[in-house]
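For reference, structure_28.txt is printed below; it contains compact mmCIF, C-alpha atoms.
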```txt
# COMPACT_ATOMS: atom_id res chain seq x y z
CA MET A 1 56.94 -1.25 -28.78
CA LEU A 2 53.82 0.91 -29.29
CA VAL A 3 51.44 -0.65 -31.83
CA LEU A 4 48.37 0.93 -33.40
CA GLY A 5 45.81 -1.78 -34.23
CA LEU A 6 43.02 -1.45 -36.80
CA GLU A 7 40.06 -3.84 -37.11
CA THR A 8 37.67 -3.64 -40.10
CA SER A 9 36.79 -7.25 -40.92
CA CYS A 10 33.01 -6.84 -40.90
CA ASP A 11 30.63 -4.37 -39.25
CA GLU A 12 32.70 -2.83 -36.45
CA THR A 13 35.49 -0.28 -36.79
CA GLY A 14 38.02 -0.85 -34.02
CA VAL A 15 41.18 1.08 -33.16
CA ALA A 16 43.54 0.51 -30.22
CA LEU A 17 47.00 1.37 -28.92
CA TYR A 18 48.95 -1.45 -27.27
CA ASP A 19 52.31 -1.01 -25.55
CA SER A 20 54.41 -4.15 -25.22
CA GLU A 21 55.56 -3.04 -21.77
CA ARG A 22 52.53 -1.16 -20.37
CA GLY A 23 49.70 -3.09 -22.01
CA LEU A 24 46.56 -1.59 -23.55
CA LEU A 25 46.66 2.21 -23.44
CA ALA A 26 43.43 3.14 -25.24
CA ASP A 27 40.83 1.68 -27.56
CA ALA A 28 37.71 2.82 -29.39
CA LEU A 29 34.99 1.00 -31.30
CA PHE A 30 32.17 2.06 -33.59
CA SER A 31 29.47 -0.55 -34.23
CA GLN A 32 27.43 -0.48 -37.42
CA ILE A 33 24.51 -2.45 -35.94
CA ASP A 34 22.01 0.39 -36.38
CA LEU A 35 23.12 0.83 -40.00
CA HIS A 36 22.55 -2.84 -40.92
CA ARG A 37 19.59 -3.65 -38.66
CA VAL A 38 17.04 -2.35 -41.17
CA TYR A 39 18.33 -4.94 -43.68
CA GLY A 40 18.37 -7.82 -41.20
CA GLY A 41 22.09 -8.45 -41.72
CA VAL A 42 25.38 -6.93 -42.85
CA VAL A 43 25.43 -5.19 -46.25
CA PRO A 44 29.09 -5.42 -47.36
CA GLU A 45 29.18 -2.22 -49.45
CA LEU A 46 27.62 -0.15 -46.66
CA ALA A 47 30.05 -1.68 -44.16
CA SER A 48 33.07 -0.71 -46.28
CA ARG A 49 31.90 2.86 -46.77
CA ASP A 50 31.23 3.33 -43.08
CA HIS A 51 34.72 2.06 -42.19
CA VAL A 52 36.16 4.78 -44.46
CA LYS A 53 34.06 7.37 -42.64
CA ARG A 54 34.99 6.25 -39.11
CA MET A 55 38.64 5.19 -39.34
CA LEU A 56 40.59 8.46 -39.08
CA PRO A 57 38.35 10.05 -36.40
CA LEU A 58 38.75 6.92 -34.26
CA ILE A 59 42.54 6.95 -34.71
CA ARG A 60 42.64 10.59 -33.57
CA GLN A 61 40.39 9.73 -30.60
CA VAL A 62 42.63 6.86 -29.46
CA LEU A 63 45.81 8.90 -29.81
CA ASP A 64 44.27 11.74 -27.78
CA GLU A 65 43.05 9.36 -25.04
CA ALA A 66 46.51 7.82 -24.72
CA GLY A 67 48.26 11.19 -24.86
CA LYS A 68 50.30 10.02 -27.85
CA GLN A 69 51.23 11.47 -31.23
CA ALA A 70 51.86 9.86 -34.58
CA SER A 71 55.61 10.15 -33.99
CA ASP A 72 55.26 7.84 -30.95
CA ILE A 73 53.91 4.91 -32.99
CA ASP A 74 56.44 2.13 -33.60
CA ALA A 75 54.30 -0.11 -35.84
CA LEU A 76 50.80 -0.81 -37.15
CA ALA A 77 48.72 -3.98 -37.11
CA TYR A 78 45.59 -4.51 -39.18
CA THR A 79 43.13 -7.30 -39.83
CA ALA A 80 44.12 -8.93 -43.12
CA GLY A 81 41.45 -11.66 -43.05
CA PRO A 82 39.26 -13.56 -42.94
CA GLY A 83 36.33 -11.22 -43.47
CA LEU A 84 34.54 -9.08 -46.04
CA VAL A 85 37.10 -8.14 -48.70
CA GLY A 86 35.91 -4.56 -49.13
CA ALA A 87 35.91 -3.96 -45.38
CA LEU A 88 39.33 -5.58 -44.96
CA LEU A 89 40.78 -3.38 -47.69
CA VAL A 90 39.81 -0.22 -45.80
CA GLY A 91 41.85 -1.19 -42.75
CA ALA A 92 44.73 -2.64 -44.77
CA SER A 93 45.10 0.38 -47.06
CA CYS A 94 44.85 2.80 -44.13
CA ALA A 95 47.46 0.89 -42.12
CA GLN A 96 49.88 0.58 -45.02
CA ALA A 97 49.49 4.26 -45.96
CA LEU A 98 50.19 5.38 -42.39
CA ALA A 99 53.09 2.94 -42.04
CA PHE A 100 54.64 4.33 -45.23
CA ALA A 101 54.07 7.95 -44.17
CA TRP A 102 55.41 7.40 -40.65
CA GLY A 103 58.30 5.15 -41.72
CA VAL A 104 57.31 2.23 -39.48
CA PRO A 105 56.50 -1.44 -40.20
CA ALA A 106 53.01 -2.91 -40.55
CA VAL A 107 51.76 -6.47 -40.08
CA GLY A 108 48.56 -8.17 -41.21
CA VAL A 109 46.77 -10.08 -38.45
CA HIS A 110 44.50 -13.11 -38.73
CA HIS A 111 41.11 -12.09 -37.35
CA MET A 112 40.48 -15.35 -35.49
CA GLU A 113 43.98 -15.35 -34.02
CA GLY A 114 43.09 -11.95 -32.63
CA HIS A 115 39.97 -13.40 -31.01
CA LEU A 116 41.89 -16.40 -29.72
CA LEU A 117 44.49 -14.16 -28.03
CA ALA A 118 41.99 -11.59 -26.65
CA PRO A 119 41.95 -13.28 -23.19
CA MET A 120 45.66 -12.45 -22.99
CA LEU A 121 44.58 -8.84 -22.36
CA GLU A 122 43.06 -9.83 -19.01
CA GLU A 123 44.80 -9.75 -15.60
CA GLN A 124 44.96 -13.56 -15.41
CA PRO A 125 45.74 -14.75 -18.95
CA PRO A 126 45.81 -18.45 -19.87
CA ALA A 127 49.10 -20.30 -20.20
CA PHE A 128 49.96 -22.50 -23.19
CA PRO A 129 48.95 -25.14 -24.05
CA PHE A 130 45.14 -24.99 -24.01
CA VAL A 131 42.06 -25.89 -26.04
CA ALA A 132 40.25 -22.94 -27.62
CA LEU A 133 36.61 -22.72 -28.65
CA LEU A 134 36.30 -20.00 -31.29
CA VAL A 135 32.60 -19.27 -31.61
CA SER A 136 31.20 -16.33 -33.56
CA GLY A 137 28.88 -15.38 -36.39
CA GLY A 138 31.30 -16.74 -38.97
CA HIS A 139 33.23 -19.48 -37.16
CA THR A 140 32.76 -22.36 -34.76
CA GLN A 141 36.03 -24.20 -34.22
CA LEU A 142 37.84 -26.22 -31.59
CA VAL A 143 41.61 -25.67 -31.74
CA ARG A 144 44.53 -27.03 -29.75
CA VAL A 145 46.89 -24.13 -29.03
CA ASP A 146 50.50 -24.88 -28.06
CA GLY A 147 51.76 -21.35 -28.68
CA ILE A 148 51.19 -18.36 -30.94
CA GLY A 149 50.98 -19.78 -34.45
CA GLN A 150 50.99 -23.37 -33.16
CA TYR A 151 47.42 -24.37 -33.93
CA GLN A 152 45.85 -27.76 -34.56
CA LEU A 153 42.25 -27.74 -35.77
CA LEU A 154 40.30 -30.36 -33.81
CA GLY A 155 36.81 -29.75 -35.13
CA GLU A 156 34.62 -27.15 -36.82
CA SER A 157 31.07 -26.53 -37.98
CA LEU A 158 30.14 -28.37 -41.16
CA ASP A 159 27.47 -25.76 -42.00
CA ASP A 160 26.22 -22.73 -40.05
CA ALA A 161 28.39 -21.25 -37.34
CA ALA A 162 26.74 -21.02 -33.93
CA GLY A 163 26.43 -17.23 -34.09
CA GLU A 164 24.97 -17.45 -37.59
CA ALA A 165 22.37 -19.94 -36.34
CA PHE A 166 21.46 -17.54 -33.52
CA ASP A 167 20.96 -14.70 -36.01
CA LYS A 168 18.90 -16.77 -38.45
CA THR A 169 16.69 -18.22 -35.72
CA ALA A 170 16.03 -14.75 -34.36
CA LYS A 171 15.20 -13.45 -37.84
CA LEU A 172 12.64 -16.19 -38.56
CA MET A 173 10.79 -15.19 -35.37
CA GLY A 174 10.80 -11.52 -36.35
CA LEU A 175 13.48 -10.40 -33.89
CA ASN A 176 15.99 -7.62 -34.49
CA TYR A 177 19.52 -8.08 -35.83
CA PRO A 178 21.91 -9.15 -34.36
CA GLY A 179 19.98 -12.14 -33.12
CA GLY A 180 22.31 -13.55 -30.47
CA PRO A 181 21.63 -10.92 -27.79
CA GLU A 182 17.91 -10.97 -28.63
CA ILE A 183 17.69 -14.75 -28.20
CA ALA A 184 19.67 -14.61 -24.94
CA LYS A 185 17.41 -11.89 -23.53
CA LEU A 186 14.20 -13.77 -24.40
CA ALA A 187 15.61 -17.06 -23.09
CA GLU A 188 15.73 -15.59 -19.58
CA GLN A 189 11.91 -15.51 -19.61
CA GLY A 190 11.38 -18.87 -21.31
CA THR A 191 9.53 -21.84 -19.87
CA PRO A 192 12.00 -24.67 -19.16
CA GLY A 193 11.06 -27.96 -20.78
CA ARG A 194 8.23 -26.71 -22.99
CA PHE A 195 10.33 -27.41 -26.08
CA VAL A 196 13.33 -29.74 -26.31
CA PHE A 197 15.63 -29.28 -29.29
CA PRO A 198 18.17 -31.90 -30.47
CA ARG A 199 21.87 -31.71 -29.56
CA PRO A 200 23.30 -32.26 -33.06
CA MET A 201 26.25 -34.61 -33.63
CA THR A 202 26.74 -35.33 -29.93
CA ASP A 203 25.68 -38.96 -30.32
CA ARG A 204 28.63 -39.78 -32.59
CA PRO A 205 32.41 -39.57 -32.13
CA GLY A 206 34.35 -36.57 -33.33
CA LEU A 207 34.56 -32.86 -32.62
CA ASP A 208 32.75 -31.35 -35.61
CA PHE A 209 29.56 -29.30 -35.25
CA SER A 210 26.36 -28.82 -37.22
CA PHE A 211 23.81 -26.10 -36.40
CA SER A 212 21.70 -25.79 -39.56
CA GLY A 213 19.35 -28.53 -38.35
CA LEU A 214 18.63 -26.58 -35.14
CA LYS A 215 17.60 -23.60 -37.23
CA THR A 216 15.16 -25.81 -39.20
CA PHE A 217 13.84 -27.34 -35.97
CA ALA A 218 13.22 -23.84 -34.60
CA LEU A 219 11.43 -22.82 -37.80
CA ASN A 220 9.11 -25.83 -37.68
CA THR A 221 8.37 -25.22 -33.99
CA TRP A 222 7.63 -21.55 -34.64
CA GLN A 223 5.27 -22.38 -37.51
CA GLN A 224 3.42 -24.88 -35.32
CA CYS A 225 2.95 -22.22 -32.65
CA ARG A 226 1.61 -19.72 -35.17
CA ASP A 227 -0.78 -22.28 -36.68
CA SER A 228 -2.17 -23.24 -33.26
CA SER A 229 -2.87 -19.61 -32.26
CA ASP A 230 -0.51 -19.79 -29.26
CA ASP A 231 0.60 -16.76 -27.30
CA LEU A 232 3.34 -15.85 -29.78
CA ASP A 233 5.27 -13.63 -27.39
CA GLN A 234 5.63 -16.49 -24.93
CA ALA A 235 6.31 -18.92 -27.76
CA ARG A 236 9.27 -16.75 -28.81
CA ARG A 237 10.63 -16.86 -25.26
CA ASP A 238 10.22 -20.62 -24.97
CA ILE A 239 11.78 -21.32 -28.39
CA ALA A 240 14.65 -18.96 -27.57
CA LEU A 241 15.33 -20.87 -24.34
CA ALA A 242 15.17 -24.28 -25.99
CA PHE A 243 17.39 -23.15 -28.87
CA GLN A 244 19.99 -21.55 -26.59
CA GLN A 245 20.06 -24.61 -24.33
CA ALA A 246 20.65 -26.88 -27.33
CA VAL A 247 23.53 -24.76 -28.68
CA VAL A 248 25.15 -24.27 -25.26
CA GLU A 249 24.94 -27.94 -24.28
CA THR A 250 26.25 -29.04 -27.69
CA LEU A 251 29.25 -26.72 -27.39
CA THR A 252 29.87 -27.86 -23.82
CA ILE A 253 29.76 -31.56 -24.72
CA LYS A 254 32.23 -31.05 -27.57
CA CYS A 255 34.56 -28.94 -25.41
CA LYS A 256 34.62 -31.62 -22.72
CA ARG A 257 35.39 -34.23 -25.35
CA ALA A 258 38.23 -32.11 -26.78
CA LEU A 259 39.76 -31.55 -23.34
CA LYS A 260 39.65 -35.26 -22.53
CA GLN A 261 41.18 -36.24 -25.87
CA SER A 262 43.98 -33.68 -25.54
CA GLY A 263 44.61 -34.30 -21.84
CA LEU A 264 44.46 -30.56 -21.14
CA LYS A 265 42.62 -28.75 -18.34
CA SER A 266 42.53 -25.19 -19.70
CA LEU A 267 39.85 -23.93 -22.08
CA VAL A 268 39.71 -20.55 -23.82
CA ILE A 269 36.44 -19.35 -25.34
CA ALA A 270 36.60 -16.43 -27.75
CA GLY A 271 34.46 -14.69 -30.35
CA GLY A 272 31.12 -12.91 -30.14
CA VAL A 273 29.15 -15.89 -28.79
CA SER A 274 31.63 -16.26 -25.92
CA ALA A 275 29.83 -13.31 -24.28
CA ASN A 276 26.72 -15.49 -23.83
CA LYS A 277 26.15 -15.86 -20.08
CA ALA A 278 24.56 -19.31 -20.32
CA LEU A 279 27.55 -20.63 -22.30
CA ARG A 280 30.01 -19.24 -19.75
CA GLU A 281 28.05 -20.76 -16.85
CA HIS A 282 27.90 -24.21 -18.47
CA LEU A 283 31.59 -24.22 -19.36
CA GLU A 284 32.65 -22.97 -15.92
CA ARG A 285 30.58 -25.72 -14.30
CA MET A 286 32.06 -28.35 -16.60
CA LEU A 287 35.66 -27.18 -16.04
CA GLY A 288 35.03 -27.07 -12.30
CA GLU A 289 34.03 -30.73 -12.36
CA MET A 290 37.19 -31.50 -14.35
CA LYS A 291 39.30 -29.43 -11.93
CA GLY A 292 40.29 -27.19 -14.80
CA LYS A 293 39.72 -23.54 -15.71
CA VAL A 294 37.98 -21.58 -18.45
CA PHE A 295 39.33 -18.25 -19.71
CA TYR A 296 37.60 -15.54 -21.72
CA ALA A 297 37.87 -11.86 -22.50
CA ARG A 298 35.72 -9.17 -20.93
CA PRO A 299 32.45 -8.75 -22.90
CA ARG A 300 33.56 -5.71 -24.92
CA PHE A 301 36.57 -7.65 -26.21
CA CYS A 302 34.49 -10.68 -27.22
CA THR A 303 33.09 -8.93 -30.28
CA ASP A 304 35.38 -7.53 -32.98
CA ASN A 305 37.74 -4.88 -31.58
CA GLY A 306 41.03 -3.15 -32.23
CA ALA A 307 42.65 -4.23 -28.95
CA MET A 308 42.91 -7.89 -29.95
CA ILE A 309 44.44 -6.93 -33.29
CA ALA A 310 46.96 -4.59 -31.67
CA TYR A 311 47.98 -7.30 -29.17
CA ALA A 312 48.25 -10.11 -31.73
CA GLY A 313 50.11 -7.85 -34.13
CA CYS A 314 52.51 -6.75 -31.42
CA GLN A 315 53.50 -10.35 -30.68
CA ARG A 316 54.30 -11.01 -34.34
CA LEU A 317 56.11 -7.69 -34.76
CA LEU A 318 58.27 -8.46 -31.72
CA ALA A 319 59.16 -11.75 -33.43
CA GLY A 320 60.37 -9.82 -36.47
CA GLN A 321 57.39 -10.33 -38.76
CA HIS A 322 56.05 -7.52 -40.97
CA GLU A 323 54.61 -6.99 -44.44
CA ASP A 324 55.93 -5.31 -47.54
CA LEU A 325 54.02 -2.31 -48.94
CA ALA A 326 51.61 -4.45 -50.97
CA ILE A 327 48.01 -4.32 -49.74
CA LYS A 328 46.94 -7.95 -49.35
CA VAL A 329 43.81 -9.30 -47.68
CA GLN A 330 42.17 -12.73 -47.64
CA ALA A 331 38.45 -13.42 -47.38
CA ARG A 332 39.30 -17.01 -46.37
CA TRP A 333 42.45 -17.85 -44.45
CA PRO A 334 43.06 -21.13 -42.56
CA MET A 335 44.50 -20.28 -39.15
CA GLU A 336 46.65 -23.42 -39.21
CA SER A 337 48.69 -21.87 -42.05
CA LEU A 338 50.05 -19.12 -39.78
CA PRO A 339 53.77 -19.29 -38.93
CA ALA A 340 54.73 -20.09 -35.35
CA ILE A 341 56.64 -17.58 -33.26
```

Would you put the structure from the file into structure tokens?
Amino acid sequence: MLVLGLETSCDETGVALYDSERGLLADALFSQIDLHRVYGGVVPELASRDHVKRMLPLIRQVLDEAGKQASDIDALAYTAGPGLVGALLVGASCAQALAFAWGVPAVGVHHMEGHLLAPMLEEQPPAFPFVALLVSGGHTQLVRVDGIGQYQLLGESLDDAAGEAFDKTAKLMGLNYPGGPEIAKLAEQGTPGRFVFPRPMTDRPGLDFSFSGLKTFALNTWQQCRDSSDDLDQARRDIALAFQQAVVETLTIKCKRALKQSGLKSLVIAGGVSANKALREHLERMLGEMKGKVFYARPRFCTDNGAMIAYAGCQRLLAGQHEDLAIKVQARWPMESLPAI
């Protein structure tokens, strides 16, 4: 089965072709970072309009790269949620229109299920069951995964997601959007031990997260540095290091706790923050001590992309799932509500 996948949940337009027998044939991505950077964050209306502008040229590009034509497509998959409603509607309406015109089925894909399954695109994919850490700008969740659609939520952030906290902390120090890569880059030049941030909710049982307090701690530290006439460039580096260490160690502690409680030895990390090198190093070290293994997608498939949507959609299409012609999207959509296949 040859599936065309479309991703338009937020600020990246992704298109990919996935063959159920040959794997990923081609993919293309257009990031709107430069468009939104001047505003310090994503502007939903601008995101939707840019998806309209980019979608068809990217589809043509992917088809050309794969040497395929519209008549070769067996089905379409699109992100149906969660995400920005206007942005989601662009991908959903495009997919349904093409499916109707080409006489093929279409299926709506859960955005976070796409992220969760992205490591399946690698040469050594994880085997079920495993614990997954979904960590991005909009989500921080620990999930037990026994199969596609067999998800048990173990814990989640009670306030800011980890990626959101990265972005907000970067913004308060005057750094560019998106903040995660900026913080990570500065952290490499930070002074270890100058600042020590708390590891929130690690001193109590449970697997939930809270990152809003770290953002406030960073703000207070930054204001103290400005008031004391410190070298502000170095202060940014040192705060970035302390903040990143706190987030990474908090995530690592909770992942270790989830693995022990579940009795599993395999961990998948997915989502934009899973590209963070410090997080990968900490989790690999922790899984090595536990004689387990951590799995993740290559960096370009950690952020939003069409390949993960094409793959996830293909699995559900092969199981006989598809949508009617109605265009339906969901800004909020609990992953546990998905049917098992």

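Among A:Met286, A:Ala97, A:Leu267, A:Leu251, the residue with the shortest atom-to-atom distance to A:Leu116, counting all atoms listed in the file, is A:Leu267.
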
Would you list the residues near (29.4, -36.1, -39.1) (no more than 12 Å away, in the coordinates of the file, using all atoms listed in the file) as a PyMOL selection string?
chain A and resi 155-159+200-211

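Distance-wise, atom CA of A:Ala319 and atom CA of A:Leu56 end up 28.0 Å apart.
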
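The residue that comes closest to A:Ala16, out of A:Met112, A:Leu318, A:Ala132, A:Met308 and on the basis of all atoms listed in the file, is A:Met308.
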
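Computed from the coordinates, the atom CA of A:Ala246 to atom CA of A:Ser212 distance equals 12.3 Å.
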
Please produce, as a tab-separated table, a per-residue contact table for stretch 172-214 of chain A versus stretch 294-307 of chain A (criterion: any atom at most 12 Å away, only C-alpha atoms considered), showing the nearest atom pair and its distance in Å to one decimal, sorted by chain then residue number.
```
residue	atom	partner	partner_atom	distance
A:Pro178	CA	A:Thr303	CA	11.9
A:Gly180	CA	A:Thr303	CA	11.7
A:Pro181	CA	A:Thr303	CA	11.9
```
